>>> print(open('run-v6.cif').read())   # mmCIF, C-alpha atoms
data_protein
#
loop_
_atom_site.label_atom_id
_atom_site.label_comp_id
_atom_site.auth_asym_id
_atom_site.auth_seq_id
_atom_site.Cartn_x
_atom_site.Cartn_y
_atom_site.Cartn_z
CA MET A 185 10.64 0.66 25.41
CA LYS A 186 8.49 -0.46 22.49
CA LEU A 187 6.72 -3.74 23.04
CA LYS A 188 6.96 -6.55 20.51
CA ASN A 189 4.68 -9.56 20.07
CA LYS A 190 1.99 -7.95 22.16
CA HIS A 191 -0.62 -10.69 21.76
CA ILE A 192 0.02 -12.23 25.16
CA TYR A 193 -0.10 -8.82 26.87
CA TYR A 194 -3.50 -8.06 25.33
CA ILE A 195 -4.89 -11.40 26.43
CA ILE A 196 -3.66 -10.94 30.01
CA GLY A 197 -4.92 -7.35 30.09
CA LEU A 198 -8.39 -8.31 28.85
CA VAL A 199 -8.63 -11.20 31.33
CA LEU A 200 -7.79 -8.84 34.20
CA ALA A 201 -10.29 -6.27 32.94
CA PHE A 202 -13.09 -8.83 32.58
CA ILE A 203 -12.47 -10.20 36.08
CA THR A 204 -13.31 -6.75 37.46
CA PHE A 205 -16.84 -7.12 36.08
CA ILE A 206 -17.52 -10.23 38.19
CA PRO A 207 -19.76 -9.13 41.12
CA PRO A 208 -18.28 -11.37 43.88
CA VAL A 209 -14.82 -9.88 43.37
CA PRO A 210 -14.12 -7.34 46.16
CA LYS A 211 -14.03 -3.69 45.10
CA ALA A 212 -10.45 -3.23 46.23
CA LEU A 213 -9.35 -6.21 44.13
CA GLN A 214 -11.35 -4.92 41.14
CA TYR A 215 -9.54 -1.58 41.31
CA LEU A 216 -6.16 -3.30 41.66
CA LEU A 217 -6.77 -5.63 38.70
CA ALA A 218 -7.96 -2.72 36.54
CA LEU A 219 -4.95 -0.57 37.47
CA ILE A 220 -2.46 -3.14 36.12
CA PRO A 221 -3.52 -2.89 32.44
CA ILE A 222 -4.15 0.86 32.84
CA LEU A 223 -0.58 1.49 33.95
CA PHE A 224 0.91 -0.99 31.49
CA PHE A 225 -0.94 0.09 28.34
CA GLY A 226 -1.09 3.70 29.45
CA ALA A 227 2.71 3.68 29.50
CA ASP A 228 2.76 1.95 26.09
CA LEU A 229 0.47 4.61 24.56
CA THR A 230 2.48 7.38 26.21
CA LEU A 231 5.77 6.13 24.77
CA GLN A 232 4.22 5.88 21.30
CA TYR A 233 2.80 9.37 21.68
CA MET A 234 6.23 10.69 22.62
CA GLU A 235 7.63 9.20 19.41
CA GLU A 236 4.99 11.08 17.40
CA LEU A 237 5.61 14.22 19.46
CA TYR A 238 9.30 14.03 18.54
CA LYS A 239 8.15 14.18 14.89
CA LYS A 240 6.14 17.33 15.77
CA ASN A 241 2.86 15.46 15.43
CA TYR A 242 1.27 16.95 18.53
CA VAL A 243 -2.24 15.50 18.19
CA ASN A 244 -2.45 11.87 17.16
CA ARG A 245 -4.28 8.60 17.83
CA HIS A 246 -2.07 7.70 20.81
CA LEU A 247 -3.02 10.92 22.60
CA THR A 248 -6.66 10.05 21.88
CA GLY A 249 -6.32 6.74 23.72
CA ILE A 250 -4.58 8.41 26.67
CA ILE A 251 -7.21 11.15 27.04
CA ALA A 252 -10.16 8.75 26.63
CA GLY A 253 -8.66 6.45 29.27
CA LEU A 254 -7.94 9.27 31.70
CA GLY A 255 -11.46 10.61 31.30
CA LEU A 256 -12.93 7.26 32.31
CA ILE A 257 -10.51 7.02 35.24
CA VAL A 258 -11.71 10.40 36.51
CA THR A 259 -15.31 9.16 36.40
CA GLY A 260 -14.32 6.08 38.42
CA LYS A 261 -14.85 3.57 35.58
CA LEU A 262 -11.49 1.89 35.91
CA ALA A 263 -12.50 -1.32 34.14
CA TYR A 264 -13.78 0.61 31.12
CA ALA A 265 -10.62 2.74 31.16
CA ALA A 266 -8.49 -0.41 31.12
CA MET A 267 -10.40 -1.91 28.20
CA THR A 268 -10.28 1.36 26.28
CA MET A 269 -6.49 1.62 26.59
CA ILE A 270 -6.05 -2.06 25.71
CA PHE A 271 -8.23 -1.72 22.60
CA PHE A 272 -6.47 1.47 21.50
CA SER A 273 -3.06 -0.16 21.78
CA ALA A 274 -4.29 -3.38 20.11
CA ALA A 275 -6.00 -1.57 17.22
CA ASP A 276 -2.84 0.34 16.39
CA TYR A 277 -0.62 -2.74 16.75
CA PHE A 278 -2.73 -5.15 14.68
CA PHE A 279 -3.50 -2.60 11.97
CA TYR A 280 0.16 -1.80 11.36
CA LYS A 281 1.06 -5.48 11.55
CA ALA A 282 -1.51 -6.20 8.84
CA LEU A 283 -0.36 -3.18 6.81
CA ASP A 284 3.27 -4.32 7.01
CA LYS A 285 2.28 -7.83 5.90
CA ALA A 286 0.30 -6.41 2.95
CA ASN A 287 3.23 -4.19 1.93
CA ARG A 288 5.57 -7.19 1.99
CA ARG A 289 3.16 -9.13 -0.23
CA ILE A 290 3.04 -6.22 -2.66
CA GLU A 291 6.82 -5.93 -2.75
CA GLU A 292 7.20 -9.68 -3.25
CA SER A 293 4.68 -9.59 -6.10
CA ALA A 294 6.56 -6.67 -7.64
CA ARG A 295 9.95 -8.40 -7.51
CA ILE A 296 11.27 -9.14 -11.00
CA THR A 297 15.00 -9.32 -10.33
CA ALA A 298 16.63 -12.72 -9.84
CA PRO A 299 18.21 -13.54 -6.45
CA TYR A 300 21.08 -15.47 -8.05
CA ALA A 301 22.45 -16.80 -11.35
CA ARG A 302 24.03 -20.07 -12.50
CA ILE A 303 27.33 -19.48 -14.29
CA PHE A 304 28.69 -22.23 -16.54
CA ALA A 305 32.49 -22.35 -16.83
CA ASP A 306 35.11 -25.08 -17.20
CA GLY A 307 32.40 -27.72 -17.55
CA LYS A 308 30.91 -26.84 -14.16
CA THR A 309 27.89 -24.83 -13.00
CA ALA A 310 28.26 -22.52 -10.03
CA ARG A 311 25.56 -20.47 -8.30
CA VAL A 312 26.64 -16.85 -7.76
CA SER A 313 25.07 -13.57 -6.77
CA VAL A 314 23.42 -11.66 -9.61
CA GLY A 315 25.68 -8.67 -9.04
CA SER A 316 28.75 -10.68 -10.00
CA VAL A 317 27.46 -11.57 -13.49
CA ALA A 318 29.43 -9.79 -16.24
CA PRO A 319 28.65 -9.43 -19.96
CA GLY A 320 29.98 -12.36 -21.96
CA GLN A 321 29.61 -14.97 -19.25
CA VAL A 322 27.66 -18.15 -20.01
CA LEU A 323 24.63 -18.88 -17.83
CA VAL A 324 22.32 -21.87 -17.41
CA LEU A 325 18.55 -21.29 -17.03
CA GLU A 326 16.20 -23.97 -15.73
CA PRO A 327 12.38 -24.07 -15.29
CA GLY A 328 11.24 -21.62 -12.61
CA ASP A 329 14.34 -19.42 -12.88
CA ILE A 330 14.02 -15.67 -13.20
CA ILE A 331 16.30 -14.52 -16.02
CA PRO A 332 19.04 -12.57 -14.18
CA CYS A 333 20.16 -10.26 -17.02
CA ASP A 334 19.53 -9.50 -20.68
CA CYS A 335 20.90 -12.48 -22.61
CA SER A 336 21.18 -14.14 -25.98
CA VAL A 337 20.32 -17.84 -26.25
CA ILE A 338 23.24 -20.10 -27.21
CA ASN A 339 21.38 -23.39 -27.24
CA GLY A 340 18.28 -25.07 -25.88
CA GLU A 341 14.58 -24.28 -26.20
CA ALA A 342 12.16 -22.93 -23.60
CA GLU A 343 9.01 -20.89 -23.11
CA LEU A 344 9.32 -17.61 -21.22
CA ASP A 345 6.71 -15.76 -19.17
CA TYR A 346 7.05 -11.97 -19.24
CA THR A 347 3.78 -11.18 -17.44
CA ASN A 348 5.44 -9.24 -14.62
CA ILE A 349 7.22 -7.01 -17.12
CA PHE A 350 5.16 -6.59 -20.29
CA GLY A 351 1.70 -7.46 -19.09
CA LYS A 352 -0.39 -10.53 -19.62
CA GLY A 353 0.22 -12.36 -22.85
CA GLU A 354 1.17 -15.66 -24.35
CA LEU A 355 4.36 -17.44 -23.38
CA ARG A 356 7.22 -16.53 -25.72
CA ALA A 357 9.41 -19.16 -27.29
CA ALA A 358 13.18 -18.90 -26.90
CA LYS A 359 15.71 -20.81 -28.98
CA ALA A 360 19.27 -20.45 -30.23
CA GLY A 361 19.91 -16.90 -31.47
CA SER A 362 16.86 -15.28 -29.88
CA PRO A 363 17.11 -12.65 -27.12
CA CYS A 364 15.72 -13.14 -23.63
CA PHE A 365 15.30 -10.32 -21.19
CA SER A 366 15.86 -10.08 -17.46
CA GLY A 367 12.75 -10.47 -15.32
CA GLY A 368 11.22 -13.16 -17.52
CA ILE A 369 10.52 -16.55 -15.95
CA VAL A 370 11.49 -19.82 -17.59
CA GLN A 371 8.33 -21.94 -17.72
CA ALA A 372 9.41 -24.97 -19.74
CA GLY A 373 12.72 -26.15 -21.13
CA LYS A 374 16.33 -25.44 -20.33
CA LEU A 375 18.57 -22.77 -21.87
CA THR A 376 22.24 -21.97 -22.11
CA VAL A 377 22.60 -18.23 -22.64
CA LYS A 378 25.27 -15.57 -22.96
CA ALA A 379 24.96 -12.48 -20.77
CA MET A 380 24.72 -9.32 -22.92
CA LYS A 381 24.56 -6.90 -19.97
CA SER A 382 25.21 -6.87 -16.26
CA ALA A 383 22.13 -7.30 -14.06
CA LYS A 384 22.12 -3.65 -12.94
CA ASP A 385 22.08 -2.44 -16.56
CA SER A 386 19.42 -4.90 -17.71
CA LEU A 387 15.74 -4.39 -18.27
CA ALA A 388 14.42 -5.77 -14.96
CA SER A 389 16.69 -3.50 -12.95
CA LEU A 390 15.57 -0.48 -14.96
CA ILE A 391 11.90 -1.37 -14.53
CA SER A 392 12.34 -1.99 -10.79
CA TYR A 393 14.07 1.36 -10.45
CA ARG A 394 11.30 3.18 -12.31
CA THR A 395 8.53 1.36 -10.42
CA LYS A 396 10.10 2.12 -7.05
CA LYS A 397 10.71 5.76 -7.94
CA ALA A 398 7.10 6.09 -9.09
CA GLN A 399 5.95 5.25 -5.55
CA ALA A 400 6.99 8.66 -4.20
CA PRO A 401 4.02 10.44 -2.52
CA SER A 402 1.95 12.50 -4.94
CA ALA A 403 0.72 16.04 -4.34
CA LEU A 404 -2.71 14.62 -3.46
CA GLN A 405 -1.21 12.23 -0.92
CA LYS A 406 0.72 15.08 0.71
CA LYS A 407 -2.47 17.17 0.84
CA ILE A 408 -4.38 14.34 2.48
CA ASN A 409 -1.67 13.96 5.11
CA GLY A 410 -1.89 17.70 5.70
CA TRP A 411 -5.68 17.62 6.00
CA ALA A 412 -5.38 14.71 8.41
CA LYS A 413 -3.29 16.83 10.76
CA LEU A 414 -6.10 19.41 10.75
CA LEU A 415 -8.98 16.95 11.02
CA GLU A 416 -7.82 15.32 14.25
CA PRO A 417 -7.63 18.62 16.20
CA ALA A 418 -11.06 19.49 14.73
CA PHE A 419 -12.50 16.34 16.32
CA TYR A 420 -10.83 17.27 19.60
CA LEU A 421 -12.51 20.65 19.46
CA LEU A 422 -15.86 19.02 18.64
CA ALA A 423 -15.43 16.65 21.59
CA LEU A 424 -14.66 19.59 23.91
CA VAL A 425 -17.69 21.55 22.73
CA LEU A 426 -19.93 18.49 23.17
CA PHE A 427 -18.52 17.88 26.65
CA ILE A 428 -19.28 21.45 27.74
CA ILE A 429 -22.78 21.41 26.26
CA LEU A 430 -23.71 18.07 27.85
CA LEU A 431 -22.26 19.13 31.20
CA ILE A 432 -24.33 22.32 31.18
CA VAL A 433 -27.52 20.68 29.93
CA THR A 434 -27.50 17.35 31.82
CA LYS A 435 -25.08 18.13 34.67
CA ASP A 436 -24.04 14.49 34.28
CA PHE A 437 -20.24 14.50 34.32
CA PRO A 438 -19.70 10.76 33.55
CA LEU A 439 -22.13 10.95 30.61
CA ALA A 440 -20.39 14.05 29.21
CA VAL A 441 -16.99 12.36 29.51
CA ASN A 442 -18.21 9.17 27.81
CA GLN A 443 -19.84 10.97 24.85
CA ALA A 444 -16.85 13.25 24.33
CA SER A 445 -14.47 10.26 24.49
CA VAL A 446 -16.38 8.44 21.74
CA ILE A 447 -16.09 11.54 19.53
CA LEU A 448 -12.34 11.50 20.20
CA VAL A 449 -12.17 7.87 19.08
CA ALA A 450 -13.52 8.95 15.69
CA SER A 451 -10.66 11.44 15.22
CA PRO A 452 -7.88 9.26 13.70
CA VAL A 453 -7.73 9.20 9.89
CA ILE A 454 -5.18 6.40 9.82
CA GLY A 455 -7.56 4.30 7.75
CA LEU A 456 -6.99 6.70 4.87
CA THR A 457 -3.44 7.94 5.38
CA GLY A 458 -2.18 4.50 6.38
CA THR A 459 -3.66 2.63 3.43
CA LEU A 460 -3.15 5.20 0.66
CA SER A 461 0.51 4.35 0.06
CA ALA A 462 -0.36 0.62 -0.13
CA LEU A 463 -3.19 1.42 -2.54
CA ASN A 464 -0.81 3.38 -4.76
CA ARG A 465 1.81 0.61 -4.80
CA ASN A 466 -0.81 -2.01 -5.57
CA ALA A 467 -2.21 0.04 -8.46
CA LEU A 468 1.25 0.68 -9.92
CA LEU A 469 1.96 -3.05 -9.82
CA LYS A 470 -1.37 -3.84 -11.52
CA ALA A 471 -0.58 -1.29 -14.23
CA ARG A 472 2.81 -2.86 -14.88
CA ARG A 473 1.19 -6.25 -15.25
CA ARG A 474 -0.99 -4.70 -17.95
CA GLY A 475 2.13 -3.61 -19.77
CA VAL A 476 2.18 0.01 -18.60
CA ILE A 477 4.57 1.71 -16.21
CA PHE A 478 3.59 5.03 -14.69
CA THR A 479 6.46 7.39 -14.04
CA ASP A 480 4.87 8.68 -10.83
CA THR A 481 1.77 8.35 -8.68
CA GLU A 482 0.37 11.63 -9.97
CA ALA A 483 0.29 10.12 -13.44
CA LEU A 484 -1.77 7.26 -12.05
CA GLU A 485 -4.18 9.72 -10.44
CA GLN A 486 -4.33 11.80 -13.63
CA SER A 487 -5.31 8.78 -15.71
CA GLY A 488 -8.12 8.09 -13.24
CA ARG A 489 -9.68 11.44 -14.14
CA LEU A 490 -9.71 10.72 -17.86
CA GLN A 491 -13.10 9.72 -19.20
CA THR A 492 -11.86 8.09 -22.38
CA VAL A 493 -13.02 4.58 -21.57
CA SER A 494 -15.04 3.04 -18.79
CA ALA A 495 -13.86 0.05 -16.82
CA ASN A 496 -15.54 -2.55 -19.05
CA GLU A 497 -16.17 -0.64 -22.27
CA PRO A 498 -15.11 -2.54 -25.42
CA LEU A 499 -12.62 -0.88 -27.73
CA SER A 500 -14.98 0.22 -30.49
CA ASP A 501 -13.81 2.37 -33.41
CA GLU A 502 -15.22 5.41 -31.64
CA VAL A 503 -13.31 4.63 -28.45
CA ARG A 504 -10.13 4.00 -30.41
CA SER A 505 -10.55 7.42 -32.01
CA LYS A 506 -10.99 9.01 -28.60
CA ILE A 507 -7.88 7.30 -27.31
CA GLU A 508 -5.86 8.57 -30.25
CA GLU A 509 -7.05 12.10 -29.45
CA THR A 510 -6.13 11.58 -25.79
CA LYS A 511 -2.56 10.54 -26.52
CA ALA A 512 -1.44 14.16 -26.52
CA ILE A 513 -2.89 14.61 -23.05
CA LEU A 514 -1.30 11.45 -21.75
CA ALA A 515 2.13 11.97 -23.21
CA LYS A 516 2.27 15.77 -22.93
CA GLY A 517 4.27 16.16 -26.09
CA GLY A 518 6.06 12.84 -25.88
CA HIS A 519 7.33 10.60 -28.62
CA THR A 520 5.17 9.26 -31.40
CA LYS A 521 5.15 5.56 -32.13
CA GLU A 522 7.29 6.10 -35.24
CA ASP A 523 10.17 7.94 -33.60
CA ALA A 524 10.02 6.21 -30.21
CA VAL A 525 13.14 4.41 -29.14
CA LEU A 526 13.84 1.75 -26.59
CA TYR A 527 14.88 3.24 -23.23
CA ARG A 528 17.60 0.73 -22.54
CA ASP A 529 19.63 2.68 -20.01
CA ARG A 530 18.80 4.72 -16.97
CA THR A 531 20.59 7.88 -18.12
CA ARG A 532 18.46 8.29 -21.23
CA LEU A 533 15.29 7.56 -19.32
CA GLU A 534 16.10 10.12 -16.66
CA ALA A 535 17.14 12.77 -19.18
CA ASP A 536 14.04 12.39 -21.34
CA PRO A 537 11.79 15.49 -21.06
CA ASN A 538 8.69 13.37 -21.70
CA PRO A 539 6.15 13.59 -19.14
CA SER A 540 4.29 12.88 -16.02
CA PHE A 541 2.55 10.06 -17.85
CA LYS A 542 4.58 7.73 -20.02
CA LEU A 543 3.51 4.45 -21.56
CA ALA A 544 7.10 3.35 -21.29
CA LEU A 545 8.70 -0.07 -20.99
CA GLY A 546 5.80 -2.03 -22.41
CA PHE A 547 7.52 -1.87 -25.70
CA PHE A 548 8.06 -5.36 -27.05
CA SER A 549 6.25 -6.75 -30.05
CA PRO A 550 4.87 -10.32 -29.93
CA LYS A 551 8.15 -11.49 -31.48
CA ALA A 552 10.10 -9.89 -28.62
CA GLN A 553 11.93 -7.57 -31.00
CA ALA A 554 12.86 -4.45 -29.08
CA ALA A 555 12.03 -1.65 -31.48
CA ALA A 556 9.52 0.96 -30.42
CA LEU A 557 7.32 2.23 -27.66
CA ASP A 558 4.07 0.31 -27.58
CA SER A 559 1.42 3.02 -27.47
CA SER A 560 -1.39 0.88 -28.83
CA PRO A 561 -4.97 1.81 -27.91
CA GLU A 562 -5.22 -1.39 -25.87
CA ARG A 563 -2.30 -0.37 -23.67
CA ILE A 564 -3.63 3.15 -23.20
CA ALA A 565 -7.07 1.78 -22.40
CA GLY A 566 -5.51 -0.53 -19.82
CA ALA A 567 -3.65 2.38 -18.24
CA ILE A 568 -6.79 4.49 -18.00
CA ARG A 569 -8.78 1.61 -16.55
CA THR A 570 -6.11 1.03 -13.91
CA GLY A 571 -6.24 4.70 -12.96
CA GLN A 572 -10.03 4.69 -12.82
CA HIS A 573 -10.03 1.58 -10.62
CA HIS A 574 -7.47 3.20 -8.31
CA ARG A 575 -9.59 6.34 -8.07
CA GLY A 576 -12.70 4.26 -7.39
CA VAL A 577 -11.08 2.36 -4.50
CA PHE A 578 -9.80 5.62 -3.04
CA MET A 579 -13.31 7.10 -3.08
CA GLN A 580 -14.73 3.90 -1.55
CA ASN A 581 -12.29 4.24 1.35
CA ILE A 582 -13.26 7.87 1.93
CA ILE A 583 -16.96 6.95 1.93
CA CYS A 584 -16.35 3.98 4.25
CA LEU A 585 -14.49 6.10 6.81
CA GLY A 586 -16.96 8.97 6.52
CA VAL A 587 -19.94 6.70 7.12
CA GLU A 588 -18.16 4.98 9.99
CA LYS A 589 -17.40 8.25 11.77
CA LEU A 590 -20.95 9.54 11.29
CA ALA A 591 -22.21 6.19 12.62
CA LEU A 592 -20.08 6.58 15.75
CA ILE A 593 -21.47 10.05 16.36
CA ALA A 594 -25.02 8.70 15.94
CA LEU A 595 -24.44 5.63 18.12
CA VAL A 596 -23.05 7.66 21.00
CA PHE A 597 -26.41 9.41 21.32
CA LEU A 598 -28.71 6.53 20.34
CA LEU A 599 -27.07 3.66 22.22
CA ASN A 600 -24.64 5.47 24.53
CA ILE A 601 -21.76 3.23 23.39
CA THR A 602 -18.49 3.25 25.30
CA PRO A 603 -15.08 4.33 23.91
CA ALA A 604 -13.96 0.69 24.01
CA ALA A 605 -16.83 -0.32 21.71
CA ALA A 606 -16.14 2.69 19.51
CA ILE A 607 -12.50 1.74 18.91
CA VAL A 608 -13.60 -1.75 17.81
CA ILE A 609 -15.84 -0.14 15.17
CA GLU A 610 -13.05 2.27 14.20
CA PHE A 611 -10.56 -0.60 13.85
CA ALA A 612 -13.01 -2.54 11.68
CA ALA A 613 -13.21 0.46 9.31
CA TRP A 614 -9.41 0.70 9.11
CA MET A 615 -9.13 -2.98 8.24
CA LEU A 616 -11.90 -2.74 5.64
CA CYS A 617 -9.99 0.09 3.91
CA LEU A 618 -6.77 -1.93 4.04
CA LEU A 619 -8.41 -5.01 2.52
CA ASN A 620 -10.02 -2.85 -0.15
CA SER A 621 -6.67 -1.24 -1.00
CA THR A 622 -4.62 -4.43 -1.21
CA LYS A 623 -7.02 -6.96 -2.68
CA GLU A 624 -6.03 -8.99 -5.73
CA ILE A 625 -2.30 -8.76 -4.93
#
>>> encode(input="run-v6.cif", output="structure tokens")
Amino acid sequence: MKLKNKHIYYIIGLVLAFITFIPPVPKALQYLLALIPILFFGADLTLQYMEELYKKNYVNRHLTGIIAGLGLIVTGKLAYAAMTMIFFSAADYFFYKALDKANRRIEESARITAPYARIFADGKTARVSVGSVAPGQVLVLEPGDIIPCDCSVINGEAELDYTNIFGKGELRAAKAGSPCFSGGIVQAGKLTVKAMKSAKDSLASLISYRTKKAQAPSALQKKINGWAKLLEPAFYLLALVLFIILLIVTKDFPLAVNQASVILVASPVIGLTGTLSALNRNALLKARRRGVIFTDTEALEQSGRLQTVSANEPLSDEVRSKIEETKAILAKGGHTKEDAVLYRDRTRLEADPNPSFKLALGFFSPKAQAAALDSSPERIAGAIRTGQHHRGVFMQNIICLGVEKLALIALVFLLNITPAAAIVIEFAAWMLCLLNSTKEI
């Protein structure tokens, strides 16, 4: 049975564990109080390990917590074993809770489709689901509304914000006869519009579809997950070797168990594998807000390797020239600006042979006239900068986790830290990587 809302269990477990450190408490009572959290959280870790085992993930962080706790039990340090198991369970629980919250924030920030629409008929306005809107129906748009489908303005005047779709820019005026596109937000004024397309065939739906599809794991992400499965057993082997060496050299069994357990604590790579998908989603969203949509995560990674512009380099004539030369690399034989067409339906977009990197869907001129793909140097520069920033954050996370794991190995010899203290440091590194990956959402 998987536990939910574990906060109260952790508090009770820690209280029981701390009581065992109070000298007046009888030994028998100390052992009894320590056994309660050991059995409770040991069972919790075991159940979670069995879930991973079912997925054929034989060595994972839950097994680490079980082995570290059992090692301390064998040495008679029941209180330390209890705290170690509590901290292992808590670190996993709170990290994934924070990761889930960050992912929800990213998804909410990425949402550009309207939850409902206001249909005007027979002199009355009725709120309906977006899916029921059909071409030709008359809709009413008020300030704060997300435009539910591609429309044509019948009457009224308003200013529309298309930041989430076309990147940052000035508000665009809408009046009778002008088009307005799904995903835009009405900032000022009130409009009566005629639906030109259903919501599922409109621009916002197409962009959402492409953005979501682009989040599929890249080859690099799959490699990292593969390396992670090799790295954890490598740490287990290192811990075993260290245990044997210390046992032979010092003949101090408790010391050998403690040092080996701390090395085991450093084995999980969840800080990298757990945050990488959130980092990718966040970068794809940032790119879209700059007016560029990547067709996949590999395209994002590819742009990060391009050295056309630096993060803050102004667009000089020389840089513009470089960008023009780089277009062939980016588009891999894609359309030129002259013959580019508006990808207004999913079928054409899917059938297009153009590329792993496409500056698609940021294609509206300042007058909102849908005509051609916007492959301006500014847009390409923005795409490259997004990719470079993504690559930089990824490298920062690798360095953070690498330094943290080396620090644990050093601390176990310099300060003889316990596994419980080690998991606190490990958890702090995970959270630092998560914050670094999801900042500025």
>>> closest_residue(input="run-v6.cif", among="A:Thr622, A:Ser445, A:Ser451, A:Gln405", to="Ile250 in chain A", atoms="all atoms listed in the file")
A:Ser445
>>> closest_residue(input="run-v6.cif", among="A:Ala265, A:Val337, A:Leu484, A:Ile270", to="Phe224 in chain A", atoms="all atoms listed in the file")
A:Ile270
>>> residues_around(input="run-v6.cif", residues="range 589-604 of chain A", least_positions_apart="3", cutoff="12 Å", atoms="all atoms listed in the file", output="mmCIF file with C-alpha atoms, keeping the file's coordinate frame")
data_model
loop_
_atom_site.group_PDB
_atom_site.id
_atom_site.type_symbol
_atom_site.label_atom_id
_atom_site.label_comp_id
_atom_site.auth_asym_id
_atom_site.auth_seq_id
_atom_site.Cartn_x
_atom_site.Cartn_y
_atom_site.Cartn_z
ATOM 1 C CA LEU A 198 -8.390 -8.310 28.850
ATOM 2 C CA ALA A 201 -10.290 -6.270 32.940
ATOM 3 C CA THR A 248 -6.660 10.050 21.880
ATOM 4 C CA GLY A 249 -6.320 6.740 23.720
ATOM 5 C CA ILE A 250 -4.580 8.410 26.670
ATOM 6 C CA ILE A 251 -7.210 11.150 27.040
ATOM 7 C CA ALA A 252 -10.160 8.750 26.630
ATOM 8 C CA GLY A 253 -8.660 6.450 29.270
ATOM 9 C CA LEU A 254 -7.940 9.270 31.700
ATOM 10 C CA GLY A 255 -11.460 10.610 31.300
ATOM 11 C CA LEU A 256 -12.930 7.260 32.310
ATOM 12 C CA LYS A 261 -14.850 3.570 35.580
ATOM 13 C CA ALA A 263 -12.500 -1.320 34.140
ATOM 14 C CA TYR A 264 -13.780 0.610 31.120
ATOM 15 C CA ALA A 265 -10.620 2.740 31.160
ATOM 16 C CA ALA A 266 -8.490 -0.410 31.120
ATOM 17 C CA MET A 267 -10.400 -1.910 28.200
ATOM 18 C CA THR A 268 -10.280 1.360 26.280
ATOM 19 C CA MET A 269 -6.490 1.620 26.590
ATOM 20 C CA ILE A 270 -6.050 -2.060 25.710
ATOM 21 C CA PHE A 271 -8.230 -1.720 22.600
ATOM 22 C CA PHE A 272 -6.470 1.470 21.500
ATOM 23 C CA SER A 273 -3.060 -0.160 21.780
ATOM 24 C CA ALA A 274 -4.290 -3.380 20.110
ATOM 25 C CA ALA A 275 -6.000 -1.570 17.220
ATOM 26 C CA PHE A 419 -12.500 16.340 16.320
ATOM 27 C CA LEU A 422 -15.860 19.020 18.640
ATOM 28 C CA ALA A 423 -15.430 16.650 21.590
ATOM 29 C CA LEU A 426 -19.930 18.490 23.170
ATOM 30 C CA LEU A 430 -23.710 18.070 27.850
ATOM 31 C CA PRO A 438 -19.700 10.760 33.550
ATOM 32 C CA LEU A 439 -22.130 10.950 30.610
ATOM 33 C CA ALA A 440 -20.390 14.050 29.210
ATOM 34 C CA VAL A 441 -16.990 12.360 29.510
ATOM 35 C CA ASN A 442 -18.210 9.170 27.810
ATOM 36 C CA GLN A 443 -19.840 10.970 24.850
ATOM 37 C CA ALA A 444 -16.850 13.250 24.330
ATOM 38 C CA SER A 445 -14.470 10.260 24.490
ATOM 39 C CA VAL A 446 -16.380 8.440 21.740
ATOM 40 C CA ILE A 447 -16.090 11.540 19.530
ATOM 41 C CA LEU A 448 -12.340 11.500 20.200
ATOM 42 C CA VAL A 449 -12.170 7.870 19.080
ATOM 43 C CA ALA A 450 -13.520 8.950 15.690
ATOM 44 C CA SER A 451 -10.660 11.440 15.220
ATOM 45 C CA PRO A 452 -7.880 9.260 13.700
ATOM 46 C CA VAL A 453 -7.730 9.200 9.890
ATOM 47 C CA GLY A 455 -7.560 4.300 7.750
ATOM 48 C CA ILE A 582 -13.260 7.870 1.930
ATOM 49 C CA ILE A 583 -16.960 6.950 1.930
ATOM 50 C CA CYS A 584 -16.350 3.980 4.250
ATOM 51 C CA LEU A 585 -14.490 6.100 6.810
ATOM 52 C CA GLY A 586 -16.960 8.970 6.520
ATOM 53 C CA ILE A 607 -12.500 1.740 18.910
ATOM 54 C CA VAL A 608 -13.600 -1.750 17.810
ATOM 55 C CA ILE A 609 -15.840 -0.140 15.170
ATOM 56 C CA GLU A 610 -13.050 2.270 14.200
ATOM 57 C CA PHE A 611 -10.560 -0.600 13.850
ATOM 58 C CA ALA A 612 -13.010 -2.540 11.680
ATOM 59 C CA ALA A 613 -13.210 0.460 9.310
ATOM 60 C CA TRP A 614 -9.410 0.700 9.110
#
>>> atom_distance(input="run-v6.cif", atom1="CA of Asp329 in chain A", atom2="CA of Ile303 in chain A")
13.1 Å
>>> residues_around(input="run-v6.cif", residues="Lys281 in chain A", least_positions_apart="2", cutoff="12 Å", atoms="only C-alpha atoms", output="VMD selection string")
chain A and resid 188 to 191 274 to 279 283 to 288 458 615 618
>>> closest_residue(input="run-v6.cif", among="A:Val322, A:Gly328, A:Ala360, A:Ile477", to="Ala398 in chain A", atoms="only C-alpha atoms")
A:Ile477
>>> resolve_selection(input="run-v6.cif", expression="the PyMOL selection byres ((chain A and resi 197) around 9)", output="list in words")
Ile192, Tyr193, Tyr194, Ile195, Ile196, Leu198, Val199, Leu200, Ala201, Phe202, Leu217, Ala218, Ile220, Pro221, Ile222, Phe224, Phe225, Ala266, Met267 and Ile270 of chain A
>>> closest_residue(input="run-v6.cif", among="A:Lys406, A:Arg289, A:Arg569, A:Lys435", to="Gln486 in chain A", atoms="all atoms listed in the file")
A:Arg569
